[in-house]
file protein-v5.tsv (TSV, C-alpha atoms)
chain	number	residue	atom	x	y	z
A	294	MET	CA	40.94	13.79	-63.74
A	295	ALA	CA	37.98	12.73	-65.89
A	296	LYS	CA	34.71	12.13	-64.11
A	297	ARG	CA	33.42	8.60	-63.84
A	298	ASP	CA	30.16	7.61	-65.45
A	299	TYR	CA	27.31	8.43	-63.07
A	300	TYR	CA	25.68	5.04	-63.57
A	301	GLU	CA	28.98	3.40	-62.70
A	302	VAL	CA	29.29	5.60	-59.60
A	303	LEU	CA	25.89	4.42	-58.31
A	304	GLY	CA	26.46	0.86	-59.49
A	305	VAL	CA	23.29	0.66	-61.62
A	306	GLU	CA	22.44	-0.04	-65.23
A	307	LYS	CA	21.34	2.71	-67.61
A	308	ASP	CA	17.77	1.41	-67.95
A	309	VAL	CA	17.26	0.96	-64.21
A	310	SER	CA	14.13	2.37	-62.51
A	311	GLU	CA	14.01	5.52	-60.40
A	312	ASN	CA	13.42	3.44	-57.26
A	313	GLU	CA	16.52	1.36	-57.91
A	314	ILE	CA	18.59	4.53	-58.37
A	315	LYS	CA	17.29	5.87	-55.05
A	316	LYS	CA	17.88	2.54	-53.29
A	317	SER	CA	21.47	2.31	-54.51
A	318	TYR	CA	22.15	5.91	-53.55
A	319	ARG	CA	20.91	5.40	-49.99
A	320	LYS	CA	23.08	2.34	-49.55
A	321	LEU	CA	26.24	4.05	-50.82
A	322	ALA	CA	25.56	7.29	-48.95
A	323	ARG	CA	25.34	5.43	-45.65
A	324	LYS	CA	28.54	3.53	-46.46
A	325	TYR	CA	30.70	6.53	-47.37
A	326	HIS	CA	29.20	9.21	-45.13
A	327	PRO	CA	32.00	11.26	-43.44
A	328	ASP	CA	30.61	10.55	-39.99
A	329	VAL	CA	31.06	6.84	-40.62
A	330	ASN	CA	34.56	7.37	-42.01
A	331	PRO	CA	36.04	10.25	-39.98
A	332	GLY	CA	39.25	11.59	-41.48
A	333	ASP	CA	39.03	9.32	-44.54
A	334	LYS	CA	39.59	11.64	-47.51
A	335	VAL	CA	38.89	8.88	-50.03
A	336	ALA	CA	35.50	8.15	-48.49
A	337	GLU	CA	34.75	11.88	-48.42
A	338	GLU	CA	35.47	12.24	-52.13
A	339	LYS	CA	33.37	9.19	-52.93
A	340	PHE	CA	30.53	10.64	-50.86
A	341	LYS	CA	30.64	13.85	-52.91
A	342	GLU	CA	30.81	11.84	-56.15
A	343	ILE	CA	27.80	9.75	-55.14
A	344	ASN	CA	25.76	12.86	-54.33
A	345	GLU	CA	26.71	14.50	-57.60
A	346	ALA	CA	25.67	11.41	-59.58
A	347	TYR	CA	22.39	11.11	-57.74
A	348	GLU	CA	21.52	14.77	-58.24
A	349	VAL	CA	21.66	14.23	-61.98
A	350	LEU	CA	20.15	10.75	-62.33
A	351	SER	CA	17.27	11.46	-59.90
A	352	ASP	CA	16.18	14.48	-61.97
A	353	PRO	CA	14.28	13.25	-65.08
A	354	GLU	CA	15.25	16.30	-67.16
A	355	LYS	CA	18.93	16.17	-66.23
A	356	LYS	CA	18.97	12.41	-66.72
A	357	VAL	CA	17.73	12.79	-70.30
A	358	ARG	CA	20.43	15.36	-71.07
A	359	TYR	CA	23.08	13.20	-69.43
A	360	ASP	CA	21.98	10.12	-71.39
A	361	GLN	CA	22.28	12.16	-74.64
A	362	TYR	CA	25.36	14.30	-74.04
A	363	GLY	CA	27.13	12.83	-71.04
A	364	HIS	CA	28.71	15.16	-68.49
A	365	ALA	CA	28.61	18.03	-70.97
A	366	GLY	CA	24.82	17.96	-70.95
A	367	VAL	CA	24.49	18.78	-67.25
A	368	ASP	CA	25.78	21.42	-64.88
A	369	SER	CA	29.53	21.04	-64.73
A	370	ASN	CA	29.56	22.16	-61.12
A	371	GLY	CA	27.52	19.14	-60.16
A	372	PHE	CA	26.15	18.85	-56.67
A	373	ASN	CA	28.00	20.77	-53.98
A	374	GLY	CA	26.71	18.85	-50.98
A	375	TYR	CA	23.74	19.61	-48.83
A	376	GLY	CA	23.08	21.39	-45.58
A	377	SER	CA	20.45	23.16	-43.54
A	378	SER	CA	18.45	26.08	-44.81
A	379	ASN	CA	20.53	28.51	-42.78
A	380	GLY	CA	23.78	27.35	-44.36
A	381	ALA	CA	24.90	25.06	-41.52
A	382	ASP	CA	26.62	21.80	-42.36
A	383	PHE	CA	24.81	18.49	-42.26
A	384	GLY	CA	24.46	17.44	-38.62
A	385	GLY	CA	25.67	13.85	-38.25
A	386	PHE	CA	25.22	10.23	-39.13
A	387	GLY	CA	22.00	9.99	-37.14
A	388	ASP	CA	20.53	12.76	-39.31
A	389	ILE	CA	20.93	10.78	-42.50
A	390	PHE	CA	18.44	8.23	-41.15
A	391	ASP	CA	16.05	11.03	-40.23
A	392	ILE	CA	16.22	12.25	-43.83
A	393	PHE	CA	15.95	8.85	-45.49
A	394	PHE	CA	13.43	7.23	-43.15
A	395	GLY	CA	11.58	10.16	-41.59
A	396	GLY	CA	12.32	12.42	-38.63
A	397	GLY	CA	10.27	13.21	-35.57
A	398	SER	CA	7.21	15.41	-35.53
A	399	SER	CA	6.88	18.78	-33.82
A	400	ARG	CA	5.06	18.46	-30.55
A	401	GLU	CA	4.41	21.07	-27.94
A	402	ARG	CA	5.63	20.22	-24.48
A	403	GLY	CA	2.75	20.10	-22.05
A	404	PRO	CA	1.50	18.29	-18.95
A	405	GLN	CA	2.25	14.56	-19.12
A	406	LYS	CA	0.78	11.77	-17.02
A	407	GLY	CA	3.16	9.99	-14.66
A	408	SER	CA	4.26	6.39	-15.11
A	409	ASP	CA	2.05	3.53	-13.91
A	410	LEU	CA	3.36	1.20	-11.21
A	411	LYS	CA	2.81	-2.53	-10.66
A	412	ILE	CA	2.94	-4.59	-7.48
A	413	ASP	CA	2.27	-8.31	-6.90
A	414	MET	CA	0.19	-9.43	-3.91
A	415	LEU	CA	-0.09	-13.00	-2.60
A	416	LEU	CA	-3.38	-13.85	-0.87
A	417	ALA	CA	-4.61	-16.82	1.13
A	418	PHE	CA	-7.46	-18.81	-0.43
A	419	GLU	CA	-10.04	-17.44	2.01
A	420	GLU	CA	-8.76	-13.86	1.62
A	421	ALA	CA	-9.36	-14.03	-2.10
A	422	ALA	CA	-12.76	-15.63	-1.61
A	423	PHE	CA	-14.20	-13.17	0.90
A	424	GLY	CA	-12.05	-10.07	0.42
A	425	VAL	CA	-9.50	-8.51	2.73
A	426	GLU	CA	-7.92	-5.20	3.64
A	427	LYS	CA	-4.15	-4.90	3.35
A	428	ASP	CA	-1.48	-2.37	4.26
A	429	LEU	CA	1.45	-2.14	1.89
A	430	GLU	CA	4.57	-0.03	1.47
A	431	LEU	CA	5.23	1.28	-2.01
A	432	PRO	CA	8.57	2.87	-3.00
A	433	ARG	CA	7.96	5.49	-5.65
A	434	LEU	CA	8.98	8.94	-6.86
A	435	GLU	CA	7.07	11.88	-5.42
A	436	ASN	CA	7.23	15.61	-5.99
A	437	CYS	CA	9.95	17.24	-3.94
A	438	SER	CA	8.38	19.07	-1.00
A	439	ALA	CA	11.21	21.63	-0.88
A	440	CYS	CA	10.64	22.95	-4.42
A	441	HIS	CA	7.08	21.62	-4.91
A	442	GLY	CA	8.26	19.65	-7.94
A	443	SER	CA	9.68	22.61	-9.87
A	444	GLY	CA	13.31	21.54	-9.48
A	445	ALA	CA	14.33	25.15	-8.73
A	446	LYS	CA	15.87	26.35	-5.48
A	447	GLN	CA	13.43	27.91	-3.03
A	448	GLY	CA	12.86	31.56	-3.95
A	449	THR	CA	13.65	30.98	-7.65
A	450	SER	CA	11.68	29.62	-10.58
A	451	PRO	CA	12.52	27.85	-13.84
A	452	VAL	CA	12.51	30.11	-16.89
A	453	THR	CA	11.24	29.29	-20.35
A	454	CYS	CA	14.01	28.11	-22.67
A	455	SER	CA	14.74	30.87	-25.21
A	456	LYS	CA	16.06	28.47	-27.84
A	457	CYS	CA	12.93	26.29	-28.15
A	458	GLN	CA	10.43	28.75	-26.65
A	459	GLY	CA	9.38	26.17	-24.10
A	460	THR	CA	8.53	23.38	-26.56
A	461	GLY	CA	11.54	21.25	-25.68
A	462	GLN	CA	12.20	20.70	-29.41
A	463	ILE	CA	13.79	22.54	-32.28
A	464	LYS	CA	13.08	22.21	-36.00
A	465	ILE	CA	15.84	21.85	-38.57
A	466	THR	CA	15.09	22.20	-42.29
A	467	GLN	CA	17.57	20.46	-44.56
A	468	ARG	CA	18.01	20.44	-48.32
A	469	THR	CA	18.74	16.99	-49.70
A	470	PRO	CA	18.74	15.28	-53.09
A	471	LEU	CA	15.24	14.09	-52.20
A	472	GLY	CA	13.96	17.58	-51.53
A	473	HIS	CA	13.60	19.68	-48.39
A	474	PHE	CA	13.07	17.77	-45.17
A	475	GLN	CA	12.17	19.07	-41.76
A	476	THR	CA	13.37	17.15	-38.73
A	477	VAL	CA	12.63	17.73	-35.06
A	478	LYS	CA	15.36	17.41	-32.44
A	479	THR	CA	15.43	17.61	-28.66
A	480	CYS	CA	16.48	21.07	-27.61
A	481	PRO	CA	20.16	20.90	-26.53
A	482	ASP	CA	19.85	23.80	-24.11
A	483	CYS	CA	16.99	22.51	-21.91
A	484	GLY	CA	17.29	18.79	-22.68
A	485	GLY	CA	13.68	18.68	-23.89
A	486	ASN	CA	12.16	20.10	-20.70
A	487	GLY	CA	11.29	23.49	-22.16
A	488	LYS	CA	12.57	25.10	-18.97
A	489	ILE	CA	15.98	26.25	-17.76
A	490	ILE	CA	16.81	25.90	-14.07
A	491	SER	CA	19.67	28.23	-13.17
A	492	SER	CA	19.58	27.48	-9.41
A	493	PRO	CA	18.69	23.80	-8.82
A	494	CYS	CA	16.96	22.66	-5.65
A	495	THR	CA	19.52	21.24	-3.22
A	496	VAL	CA	17.15	18.50	-2.03
A	497	CYS	CA	16.20	16.91	-5.36
A	498	ARG	CA	19.17	18.34	-7.32
A	499	GLY	CA	16.94	19.95	-9.86
A	500	THR	CA	14.89	16.87	-10.78
A	501	GLY	CA	11.78	17.97	-8.88
A	502	LYS	CA	11.33	14.36	-7.68
A	503	VAL	CA	12.48	12.40	-4.64
A	504	ARG	CA	12.08	8.69	-3.88
A	505	LYS	CA	9.94	7.89	-0.87
A	506	VAL	CA	8.15	4.89	0.63
A	507	ARG	CA	4.42	5.50	0.64
A	508	LYS	CA	2.09	3.51	2.90
A	509	LEU	CA	-1.22	2.50	1.38
A	510	HIS	CA	-4.31	0.83	2.81
A	511	ILE	CA	-6.20	-1.04	0.12
A	512	LYS	CA	-9.37	-3.11	0.03
A	513	ILE	CA	-9.36	-6.36	-1.95
A	514	PRO	CA	-12.92	-7.23	-3.05
A	515	ALA	CA	-14.40	-10.68	-2.50
A	516	GLY	CA	-14.13	-13.11	-5.40
A	517	VAL	CA	-10.73	-12.17	-6.83
A	518	ASP	CA	-8.55	-14.94	-8.23
A	519	SER	CA	-5.02	-15.42	-9.52
A	520	GLY	CA	-4.57	-13.07	-12.47
A	521	SER	CA	-7.05	-10.50	-11.17
A	522	ARG	CA	-5.85	-6.91	-11.46
A	523	ILE	CA	-6.90	-4.02	-9.24
A	524	ARG	CA	-6.27	-0.43	-10.36
A	525	LEU	CA	-5.68	2.31	-7.81
A	526	SER	CA	-6.11	5.57	-9.67
A	527	GLY	CA	-3.51	8.28	-9.02
A	528	GLU	CA	-1.19	6.10	-6.91
A	529	GLY	CA	1.55	5.82	-9.54
A	530	GLU	CA	4.50	8.12	-10.28
A	531	PRO	CA	3.84	11.88	-10.32
A	532	GLY	CA	3.23	13.61	-13.64
A	533	THR	CA	5.46	16.22	-15.24
A	534	LEU	CA	4.72	19.86	-16.01
A	535	GLY	CA	1.57	19.67	-13.90
A	536	GLY	CA	0.33	16.43	-15.43
A	537	PRO	CA	-1.71	13.92	-13.38
A	538	PRO	CA	-0.02	11.01	-11.57
A	539	GLY	CA	-0.03	7.52	-13.00
A	540	ASP	CA	-1.96	4.57	-11.58
A	541	LEU	CA	-0.98	1.63	-9.40
A	542	TYR	CA	-1.92	-1.86	-10.57
A	543	VAL	CA	-2.10	-4.64	-7.98
A	544	TYR	CA	-1.78	-8.12	-9.53
A	545	ILE	CA	-3.29	-10.90	-7.44
A	546	ASP	CA	-1.86	-14.38	-6.90
A	547	VAL	CA	-3.73	-16.87	-4.67
A	548	LYS	CA	-2.16	-19.65	-2.61
A	549	PRO	CA	-3.57	-23.15	-3.20
A	550	HIS	CA	-5.77	-24.61	-0.44
A	551	LYS	CA	-5.03	-27.96	1.19
A	552	THR	CA	-8.70	-29.03	0.99
A	553	PHE	CA	-10.49	-27.01	-1.67
A	554	GLU	CA	-9.93	-26.55	-5.38
A	555	ARG	CA	-11.43	-23.54	-7.12
A	556	ARG	CA	-13.09	-23.77	-10.52
A	557	GLY	CA	-14.60	-20.43	-11.40
A	558	ASN	CA	-16.87	-19.56	-8.47
A	559	ASP	CA	-17.40	-23.18	-7.42
A	560	VAL	CA	-15.16	-25.11	-5.02
A	561	TYR	CA	-14.48	-28.84	-5.11
A	562	MET	CA	-13.28	-31.25	-2.45
A	563	GLU	CA	-13.11	-34.98	-1.67
A	564	TYR	CA	-14.62	-36.44	1.48
A	565	PRO	CA	-13.99	-39.96	2.86
A	566	VAL	CA	-17.04	-42.01	3.92
A	567	THR	CA	-17.55	-45.53	5.24
A	568	PHE	CA	-19.17	-48.44	3.47
A	569	SER	CA	-22.10	-48.40	5.88
A	570	GLN	CA	-22.64	-44.63	5.43
A	571	VAL	CA	-23.09	-44.87	1.67
A	572	THR	CA	-25.04	-48.12	1.97
A	573	LEU	CA	-27.51	-47.03	4.60
A	574	GLY	CA	-27.36	-43.30	4.03
A	575	ALA	CA	-26.10	-40.78	6.57
A	576	GLU	CA	-25.76	-37.16	7.51
A	577	VAL	CA	-22.18	-35.93	7.99
A	578	GLN	CA	-20.47	-32.66	8.83
A	579	VAL	CA	-18.20	-31.51	5.98
A	580	PRO	CA	-15.78	-28.56	6.00
A	581	THR	CA	-16.67	-25.42	4.07
A	582	LEU	CA	-14.90	-22.10	3.52
A	583	GLU	CA	-16.73	-20.71	6.57
A	584	GLY	CA	-16.68	-23.66	8.94
A	585	LYS	CA	-18.81	-26.80	8.67
A	586	ALA	CA	-22.10	-27.71	7.04
A	587	LEU	CA	-24.45	-30.70	7.15
A	588	LEU	CA	-24.29	-32.96	4.09
A	589	ARG	CA	-26.91	-35.64	3.51
A	590	ILE	CA	-25.60	-38.81	1.84
A	591	PRO	CA	-28.49	-40.69	0.19
A	592	GLU	CA	-28.87	-44.42	0.74
A	593	GLY	CA	-27.01	-46.47	-1.87
A	594	THR	CA	-24.63	-43.67	-2.88
A	595	GLN	CA	-21.74	-44.98	-4.97
A	596	THR	CA	-18.12	-44.03	-4.45
A	597	HIS	CA	-16.96	-40.96	-6.46
A	598	THR	CA	-20.50	-39.60	-6.54
A	599	ILE	CA	-20.45	-35.79	-6.42
A	600	LEU	CA	-22.90	-34.13	-4.05
A	601	ARG	CA	-23.56	-30.40	-3.91
A	602	LEU	CA	-24.01	-27.74	-1.25
A	603	ARG	CA	-25.65	-24.73	-2.84
A	604	GLY	CA	-24.27	-21.27	-2.10
A	605	GLN	CA	-21.15	-22.49	-0.30
A	606	GLY	CA	-18.70	-21.49	-3.03
A	607	ILE	CA	-16.90	-18.26	-3.96
A	608	PRO	CA	-18.80	-14.94	-4.01
A	609	TYR	CA	-19.23	-13.43	-7.46
A	610	LEU	CA	-16.79	-10.57	-8.04
A	611	LYS	CA	-19.39	-8.50	-9.85
A	612	GLY	CA	-22.92	-9.06	-8.65
A	613	SER	CA	-24.56	-10.88	-5.78
A	614	GLY	CA	-24.64	-14.53	-4.87
A	615	ARG	CA	-22.06	-17.28	-4.58
A	616	GLY	CA	-21.04	-20.42	-6.37
A	617	ASP	CA	-21.60	-23.93	-5.01
A	618	GLN	CA	-19.49	-26.45	-3.14
A	619	HIS	CA	-19.12	-29.88	-4.75
A	620	ILE	CA	-18.16	-32.89	-2.61
A	621	ARG	CA	-16.88	-36.10	-4.16
A	622	VAL	CA	-17.52	-38.94	-1.71
A	623	ILE	CA	-14.78	-41.56	-1.57
A	624	VAL	CA	-15.61	-44.92	0.06
A	625	ILE	CA	-12.80	-46.07	2.32
A	626	THR	CA	-12.24	-49.82	2.44
A	627	PRO	CA	-11.76	-51.07	6.02
A	628	SER	CA	-8.53	-52.90	6.85
A	629	LYS	CA	-7.00	-54.84	9.79
A	630	LEU	CA	-10.33	-56.52	10.59
A	631	SER	CA	-10.65	-58.83	13.57
A	632	ASN	CA	-11.94	-62.39	13.12
A	633	GLU	CA	-15.31	-61.32	14.45
A	634	GLN	CA	-15.50	-58.46	11.96
A	635	LYS	CA	-14.47	-60.74	9.11
A	636	ASN	CA	-17.16	-63.26	10.01
A	637	ALA	CA	-19.75	-60.50	10.10
A	638	MET	CA	-18.65	-59.40	6.59
A	639	ARG	CA	-18.93	-62.97	5.33
A	640	GLN	CA	-22.42	-63.28	6.78
A	641	PHE	CA	-23.38	-60.01	5.15
A	642	ASP	CA	-21.96	-61.11	1.80
A	643	GLY	CA	-23.87	-64.37	2.05
A	644	VAL	CA	-27.27	-62.73	2.27
A	645	ILE	CA	-26.66	-60.18	-0.54
A	646	ASN	CA	-27.87	-61.02	-4.04
A	647	SER	CA	-28.10	-59.32	-7.42
A	648	SER	CA	-31.41	-57.66	-6.60
A	649	ASN	CA	-29.60	-55.49	-4.04
A	650	TYR	CA	-27.53	-54.08	-6.91
A	651	SER	CA	-30.30	-54.05	-9.50
A	652	ASN	CA	-30.15	-50.27	-9.85
A	653	LYS	CA	-26.81	-50.77	-11.57
A	654	GLY	CA	-28.20	-53.15	-14.19
A	655	LYS	CA	-30.66	-51.34	-16.42
A	656	GLY	CA	-32.01	-51.90	-19.91
A	657	LYS	CA	-29.64	-53.76	-22.24
A	658	ASP	CA	-26.93	-53.79	-19.58
A	659	ARG	CA	-29.06	-55.76	-17.12
A	660	GLY	CA	-28.28	-59.17	-18.61
A	661	LEU	CA	-24.56	-58.43	-18.67
A	662	PHE	CA	-24.69	-57.22	-15.07
A	663	GLU	CA	-26.43	-60.40	-13.89
A	664	LYS	CA	-23.82	-62.57	-15.64
A	665	LEU	CA	-21.03	-60.61	-13.96
A	666	TRP	CA	-22.79	-60.96	-10.61
A	667	ASP	CA	-23.11	-64.74	-11.05
A	668	SER	CA	-19.43	-65.05	-11.91
A	669	LEU	CA	-18.49	-63.06	-8.81
A	670	LYS	CA	-20.70	-65.30	-6.64
A	671	GLY	CA	-19.23	-68.46	-8.18
A	672	VAL	CA	-22.40	-69.59	-9.99
A	673	GLY	CA	-21.62	-71.88	-12.94
A	674	ASP	CA	-23.18	-71.75	-16.41
call {"tool": "encode", "arguments": {"input": "protein-v5.tsv", "output": "structure tokens"}}
result
Amino acid sequence: MAKRDYYEVLGVEKDVSENEIKKSYRKLARKYHPDVNPGDKVAEEKFKEINEAYEVLSDPEKKVRYDQYGHAGVDSNGFNGYGSSNGADFGGFGDIFDIFFGGGSSRERGPQKGSDLKIDMLLAFEEAAFGVEKDLELPRLENCSACHGSGAKQGTSPVTCSKCQGTGQIKITQRTPLGHFQTVKTCPDCGGNGKIISSPCTVCRGTGKVRKVRKLHIKIPAGVDSGSRIRLSGEGEPGTLGGPPGDLYVYIDVKPHKTFERRGNDVYMEYPVTFSQVTLGAEVQVPTLEGKALLRIPEGTQTHTILRLRGQGIPYLKGSGRGDQHIRVIVITPSKLSNEQKNAMRQFDGVINSSNYSNKGKGKDRGLFEKLWDSLKGVGD
């Protein structure tokens, strides 16, 4: 049967670029590869036809001869397929992606650090502020004590894999239409470990690791907050092939407080006061993170005024000193007054005038304030 035109086989025009020829070939090769179509003789023949066409059209010299003389201008045997340098057949469908898009790189097997672990810890507000010591139980893998992490039965030892010489990987060189490519595969004999265990440990079943619950005592420094992360070096999973263990990361979350709100290293709170306390001034005991402290309320303090207690906030995580405590005073309006109390309030209101509130009317606002005062007192224009 006469051969089809190579351009028709690849589905490209005669004046197409080299990149377009390569792109079309890759698409068709993936579609008709024998591993994708097992037992399909038609797909197998098409796969051979595609490779033959590409071998000619991807070679500039052969392409010129083919364009001038057709099939007679190139090797009549065409392309006989491709395989490894030692004559073995092409491995499988996964290999075609290694060839087209790049395989792995050779890497010697050596000591590898163990995996890191993460644990969440919920702290009370005061615990985060001043630090705390905690005991925790951490389930993790540890080296088997029976085989000391080797995975081999007591009295035996793992031996170096003869196939990969202990690297855990093997190199395969393949000849393709795009040239010679070298791919790296996991060694099938040792599974990538580089060692062969003929007599596995009966305790860990050859893994060299067992799961245990480890008890840890850790110190949480003062000043941590939600989102803080503490690293405990070497408390993660054990390493492999003599590598160091991973680390343990403790992520902090802090419970909200019923009285205080944290903003950085400062704390905020609201404190109720009476009308007479803000009017006449007073000294009151307010709660702090460590008990109570004396707060002086200046005479004439207005409601929602924020007063400050220096050094009563959160300790700085790095460095000395503490933030401040801010107290917003809230004037509580009395209710359920007796007739005597109401009369006293009326008498008080009767002797108050705008001069007692003059500190609230300043500059250009003074005239407006006085007009508002007169309207409140019932003074006509």
call {"tool": "closest_residue", "arguments": {"input": "protein-v5.tsv", "among": "A:Lys464, A:Lys478, A:Arg603, A:Lys446", "to": "Cys497 (chain A)", "atoms": "all atoms listed in the file"}}
result
A:Lys446
call {"tool": "atom_distance", "arguments": {"input": "protein-v5.tsv", "atom1": "CA of Ser408 (chain A)", "atom2": "CA of Arg522 (chain A)"}}
result
17.1 Å
call {"tool": "closest_residue", "arguments": {"input": "protein-v5.tsv", "among": "A:Ala515, A:Val571, A:Ala417, A:Ile343", "to": "Arg297 (chain A)", "atoms": "all atoms listed in the file"}}
result
A:Ile343
call {"tool": "residues_around", "arguments": {"input": "protein-v5.tsv", "residues": "region 556-558 of chain A", "least_positions_apart": "6", "cutoff": "8 Å", "atoms": "all atoms listed in the file", "output": "PyMOL selection string"}}
result
chain A and resi 516+606-609+615-617
call {"tool": "residues_around", "arguments": {"input": "protein-v5.tsv", "residues": "Asn486 (chain A)", "least_positions_apart": "6", "cutoff": "9 Å", "atoms": "all atoms listed in the file", "output": "VMD selection string"}}
result
chain A and resid 402 454 459 to 462 479 to 480 534
call {"tool": "axis_aligned_box", "arguments": {"input": "protein-v5.tsv", "around": "region 481-489 of chain A", "padding_each_side": "3 Å", "output": "AutoDock Vina command-line options"}}
result
--center_x 15.7 --center_y 22.5 --center_z -22.1 --size_x 14.9 --size_y 13.6 --size_z 14.8
call {"tool": "residues_around", "arguments": {"input": "protein-v5.tsv", "residues": "Leu303 (chain A)", "least_positions_apart": "4", "cutoff": "9 Å", "atoms": "only C-alpha atoms", "output": "PDB file with C-alpha atoms, in the frame of the given file"}}
result
ATOM      1  CA  ASP A 298      30.160   7.610 -65.450  1.00  0.00           C
ATOM      2  CA  TYR A 299      27.310   8.430 -63.070  1.00  0.00           C
ATOM      3  CA  ILE A 314      18.590   4.530 -58.370  1.00  0.00           C
ATOM      4  CA  SER A 317      21.470   2.310 -54.510  1.00  0.00           C
ATOM      5  CA  TYR A 318      22.150   5.910 -53.550  1.00  0.00           C
ATOM      6  CA  LEU A 321      26.240   4.050 -50.820  1.00  0.00           C
ATOM      7  CA  ILE A 343      27.800   9.750 -55.140  1.00  0.00           C
ATOM      8  CA  ALA A 346      25.670  11.410 -59.580  1.00  0.00           C
ATOM      9  CA  TYR A 347      22.390  11.110 -57.740  1.00  0.00           C
TER      10      TYR A 347
END
call {"tool": "atom_distance", "arguments": {"input": "protein-v5.tsv", "atom1": "CA of Ser438 (chain A)", "atom2": "CA of Thr495 (chain A)"}}
result
11.6 Å
call {"tool": "atom_distance", "arguments": {"input": "protein-v5.tsv", "atom1": "CA of Glu420 (chain A)", "atom2": "CA of Glu554 (chain A)"}}
result
14.5 Å
